[in-house]
Amino acid sequence: MTLTVKIAVYGMLLLCCLACSPAHQAKITVATAANMKFAMQPLLADFTEKTGVECEMIVGSSGKLTAQIREGAPYDIFVSADMKYPQTLYEEGVAKAPPEIYAYGRLVLWSVNGAIPALTALPHPDVGHIALANPRNAPYGAAAVAVLKHYGIWDTVQDKLVYGESISQTNHFIMSGAATVGFTALSVVRSPDIKGKGRYIIPDPETYPPIAQGVVLIPQPDTDPEQAGKFYDYLFSPEARKVLKDFGYLVDE
């Protein structure tokens, strides 16, 4: 074998080793519940700056993301809007360990038409469509249903309800005027992109079950688990907790 051929062979072997090595790709994919979209942006940016690990964010309802993970979507971390979905993935053997609560979400009733929204006014004829995330897939939608039932207006307003596949689509309904008012996350109306647009009220948290939001690691064959673990730990760091609090989440001290 000539020297030139040897060099070419060694070069090909080296490229194959690098391509097959999980540690070679310092990048992770974070499946993120739609309510966390705005808070996750600065979190990922700060994490990448601190560690050099690049992050891709995939946004959707917790139910939809869970279905995608079951079907083999290559997500390294699942940041859910509740504990039910990540717990189910753990029980099914998909997640590495039981979920942990990283924050508690807060619900708001939001309108951009200038009027201060009020729960007692929702049955009034002047109120058109009421937007909320699909309660079958989105925990914030389930919380909104609980609020409406608590105030005894669920049956009265059902014909007005329009369901988004996630908080993101629900926000679109509200901002576009397709809905007069709608339920979303406090983190949304506190985000830089939306802060100051319209008005909102915060329903009494006693009127709906606590929105405990959980996170789990999803082992992937092509990703270094250490990189995903770093972000998991970062999510519980003082720096991350400050960001979450700024967006209206409640965190354990």
# chains A, B, ... in the order shown; residues from 1 in each chain; ligands from 1
$ residues_around --residues "A:Pro74" --least-positions-apart "2" --cutoff "10 Å" --atoms "only C-alpha atoms" --output "list of chain:residue names"
A:Ile28, A:Thr29, A:Val30, A:Ala31, A:Gln68, A:Ile69, A:Glu71, A:Gly72, A:Asp76, A:Ile77, A:Ile218, A:Pro219, A:Gln220, A:Pro221, A:Asp222, A:Thr223
$ residues_around --residues "A:Asp82" --least-positions-apart "6" --cutoff "6 Å" --atoms "only C-alpha atoms" --output "list in words"
Ala212, Gln213 and Gly214 of chain A
$ residues_around --residues "stretch 53-55 of chain A" --least-positions-apart "6" --cutoff "12 Å" --atoms "only C-alpha atoms" --output "VMD selection string"
chain A and resid 23 to 32 40 to 47 75 to 77 223 to 224 226 to 231
$ write_last_selection --atoms "C-alpha atoms" --output "tab-separated table (two decimals), in the first residue's frame"
chain	number	residue	atom	x	y	z
A	23	ALA	CA	-19.79	13.33	21.56
A	24	HIS	CA	-18.75	14.90	18.25
A	25	GLN	CA	-22.07	16.72	17.91
A	26	ALA	CA	-22.46	19.15	20.81
A	27	LYS	CA	-26.07	19.88	19.98
A	28	ILE	CA	-29.35	18.99	21.66
A	29	THR	CA	-33.00	19.18	20.69
A	30	VAL	CA	-35.42	20.51	23.30
A	31	ALA	CA	-39.10	19.68	22.86
A	32	THR	CA	-40.88	22.59	24.52
A	40	MET	CA	-37.15	29.10	26.62
A	41	GLN	CA	-35.56	31.46	24.11
A	42	PRO	CA	-33.40	33.35	26.66
A	43	LEU	CA	-32.80	30.13	28.60
A	44	LEU	CA	-31.35	28.36	25.56
A	45	ALA	CA	-29.32	31.40	24.57
A	46	ASP	CA	-27.79	31.68	28.04
A	47	PHE	CA	-27.12	27.94	28.22
A	75	TYR	CA	-35.83	14.97	21.09
A	76	ASP	CA	-33.23	14.90	23.86
A	77	ILE	CA	-35.29	16.72	26.49
A	223	THR	CA	-26.56	12.52	20.99
A	224	ASP	CA	-24.10	12.70	23.84
A	226	GLU	CA	-23.90	14.46	28.90
A	227	GLN	CA	-24.90	17.50	26.85
A	228	ALA	CA	-28.61	16.92	27.45
A	229	GLY	CA	-27.89	16.35	31.13
A	230	LYS	CA	-26.15	19.70	31.31
A	231	PHE	CA	-29.25	21.51	30.13
$ residues_around --residues "A:Thr88" --least-positions-apart "6" --cutoff "12 Å" --atoms "only C-alpha atoms" --output "compact mmCIF listing (two decimals) with all heavy atoms, in the first residue's frame"
# COMPACT_ATOMS: atom_id res chain seq x y z
N SER A 62 -48.15 19.82 24.81
CA SER A 62 -47.52 18.71 25.51
C SER A 62 -48.00 17.36 24.98
O SER A 62 -47.22 16.42 24.84
CB SER A 62 -47.80 18.82 27.02
OG SER A 62 -47.19 19.98 27.55
N GLY A 63 -49.29 17.28 24.67
CA GLY A 63 -49.84 16.04 24.13
C GLY A 63 -49.27 15.69 22.77
O GLY A 63 -48.91 14.53 22.51
N THR A 66 -45.64 14.59 23.09
CA THR A 66 -45.57 13.24 23.64
C THR A 66 -45.81 12.20 22.55
O THR A 66 -45.10 11.19 22.47
CB THR A 66 -46.61 13.07 24.77
OG1 THR A 66 -46.30 13.98 25.83
CG2 THR A 66 -46.60 11.66 25.31
N ALA A 67 -46.81 12.47 21.71
CA ALA A 67 -47.09 11.55 20.60
C ALA A 67 -45.90 11.45 19.65
O ALA A 67 -45.55 10.35 19.19
CB ALA A 67 -48.33 12.02 19.84
N ILE A 69 -42.74 11.94 20.42
CA ILE A 69 -41.66 11.22 21.10
C ILE A 69 -41.93 9.72 21.04
O ILE A 69 -41.01 8.91 20.80
CB ILE A 69 -41.54 11.70 22.56
CG1 ILE A 69 -41.00 13.14 22.59
CG2 ILE A 69 -40.62 10.78 23.38
CD1 ILE A 69 -41.08 13.81 23.95
N ARG A 70 -43.16 9.32 21.25
CA ARG A 70 -43.52 7.89 21.16
C ARG A 70 -43.22 7.34 19.75
O ARG A 70 -42.89 6.17 19.60
CB ARG A 70 -45.00 7.70 21.46
CG ARG A 70 -45.37 7.82 22.94
CD ARG A 70 -46.78 7.31 23.14
NE ARG A 70 -47.20 7.38 24.52
CZ ARG A 70 -48.17 8.16 24.98
NH1 ARG A 70 -48.83 8.95 24.15
NH2 ARG A 70 -48.50 8.14 26.25
N SER A 80 -42.28 19.83 29.50
CA SER A 80 -43.73 19.73 29.38
C SER A 80 -44.45 20.84 30.14
O SER A 80 -43.86 21.56 30.95
CB SER A 80 -44.19 18.36 29.91
OG SER A 80 -45.59 18.23 29.86
N ASP A 82 -47.05 19.97 31.95
CA ASP A 82 -47.64 19.28 33.08
C ASP A 82 -46.73 18.14 33.50
O ASP A 82 -45.63 17.96 32.98
CB ASP A 82 -49.05 18.79 32.75
CG ASP A 82 -49.05 17.63 31.77
OD1 ASP A 82 -47.97 17.27 31.23
OD2 ASP A 82 -50.12 17.05 31.53
N VAL A 94 -39.67 5.20 28.03
CA VAL A 94 -39.09 6.09 27.02
C VAL A 94 -38.16 7.11 27.66
O VAL A 94 -37.09 7.41 27.11
CB VAL A 94 -40.21 6.82 26.24
CG1 VAL A 94 -39.61 7.77 25.21
CG2 VAL A 94 -41.12 5.81 25.58
N ALA A 95 -38.54 7.63 28.81
CA ALA A 95 -37.72 8.62 29.51
C ALA A 95 -36.72 7.94 30.42
O ALA A 95 -36.95 6.83 30.92
CB ALA A 95 -38.61 9.56 30.32
N LYS A 96 -35.62 8.62 30.67
CA LYS A 96 -34.52 8.04 31.43
C LYS A 96 -34.83 7.91 32.91
O LYS A 96 -34.44 6.95 33.56
CB LYS A 96 -33.28 8.92 31.23
CG LYS A 96 -32.03 8.41 31.95
CD LYS A 96 -30.85 9.31 31.64
CE LYS A 96 -29.59 8.83 32.34
NZ LYS A 96 -28.43 9.72 32.05
N ALA A 97 -35.55 8.88 33.46
CA ALA A 97 -35.84 8.92 34.90
C ALA A 97 -37.17 9.61 35.11
O ALA A 97 -37.72 10.22 34.18
CB ALA A 97 -34.72 9.67 35.63
N PRO A 98 -37.74 9.51 36.30
CA PRO A 98 -39.02 10.17 36.56
C PRO A 98 -38.91 11.68 36.35
O PRO A 98 -37.84 12.27 36.54
CB PRO A 98 -39.30 9.85 38.04
CG PRO A 98 -38.49 8.65 38.33
CD PRO A 98 -37.27 8.76 37.48
N PRO A 99 -40.00 12.33 35.94
CA PRO A 99 -39.95 13.79 35.72
C PRO A 99 -39.79 14.55 37.03
O PRO A 99 -40.20 14.08 38.10
CB PRO A 99 -41.31 14.09 35.08
CG PRO A 99 -42.20 13.00 35.56
CD PRO A 99 -41.34 11.78 35.67
N GLY A 214 -43.32 19.58 34.22
CA GLY A 214 -42.24 18.64 34.42
C GLY A 214 -41.30 18.51 33.23
O GLY A 214 -41.65 18.84 32.10
N VAL A 215 -40.11 18.01 33.51
CA VAL A 215 -39.09 17.83 32.47
C VAL A 215 -38.49 16.44 32.61
O VAL A 215 -38.31 15.93 33.72
CB VAL A 215 -37.99 18.92 32.57
CG1 VAL A 215 -37.35 18.91 33.96
CG2 VAL A 215 -36.93 18.74 31.49
N VAL A 216 -38.20 15.80 31.46
CA VAL A 216 -37.55 14.49 31.45
C VAL A 216 -36.50 14.45 30.34
O VAL A 216 -36.59 15.17 29.34
CB VAL A 216 -38.54 13.33 31.22
CG1 VAL A 216 -39.38 13.06 32.45
CG2 VAL A 216 -39.41 13.57 30.00
$ closest_residue --among "A:Gly105, A:Ala179, A:Thr207, A:Tyr90" --to "A:Gly152" --atoms "only C-alpha atoms"
A:Thr207
$ closest_residue --among "A:Ala138, A:Thr180, A:Asp126, A:Leu109" --to "A:Ser168" --atoms "only C-alpha atoms"
A:Ala138
$ residues_around --residues "A:Leu132" --least-positions-apart "4" --cutoff "6 Å" --atoms "only C-alpha atoms" --output "PyMOL selection string"
chain A and resi 141+163+170+182-183
$ residues_around --residues "A:Asn35" --least-positions-apart "5" --cutoff "9 Å" --atoms "only C-alpha atoms" --output "list of chain:residue names"
A:Val59, A:Gly60, A:Ser61, A:Ala81, A:Gly105, A:Tyr140, A:Ser166, A:Ile167, A:Ser168, A:Thr184, A:Ala185, A:Leu186, A:Ser187, A:Val188
$ write_last_selection --atoms "C-alpha atoms" --output "CSV table (one decimal), in the first residue's frame"
chain,number,residue,atom,x,y,z
A,59,VAL,CA,-42.6,23.9,20.1
A,60,GLY,CA,-46.0,22.2,20.4
A,61,SER,CA,-48.7,21.2,22.9
A,81,ALA,CA,-46.6,21.9,30.6
A,105,GLY,CA,-47.5,27.8,35.4
A,140,TYR,CA,-53.5,25.2,30.1
A,166,SER,CA,-51.7,24.7,21.6
A,167,ILE,CA,-51.2,27.9,23.5
A,168,SER,CA,-49.4,29.3,20.4
A,184,THR,CA,-53.3,31.7,27.9
A,185,ALA,CA,-50.2,31.6,30.1
A,186,LEU,CA,-48.9,34.5,32.1
A,187,SER,CA,-45.5,33.8,30.6
A,188,VAL,CA,-47.0,34.7,27.2
$ select_by_dssp --residues "stretch 41-126 of chain A" --states "strand (DSSP E or B)" --output "list in words"
Glu54, Cys55, Glu56, Met57, Ile58, Val59, Gly60, Ile77, Phe78, Val79, Glu100, Ile101, Tyr102, Ala103, Tyr104, Gly105, Leu107, Val108, Leu109, Trp110 and Ser111 of chain A
$ closest_residue --among "A:Phe38, A:Tyr200, A:Trp154, A:Phe78" --to "A:Gly114" --atoms "only C-alpha atoms"
A:Tyr200
$ atom_distance --atom1 "atom CA of A:Val243" --atom2 "atom CA of A:Asn137"
25.7 Å
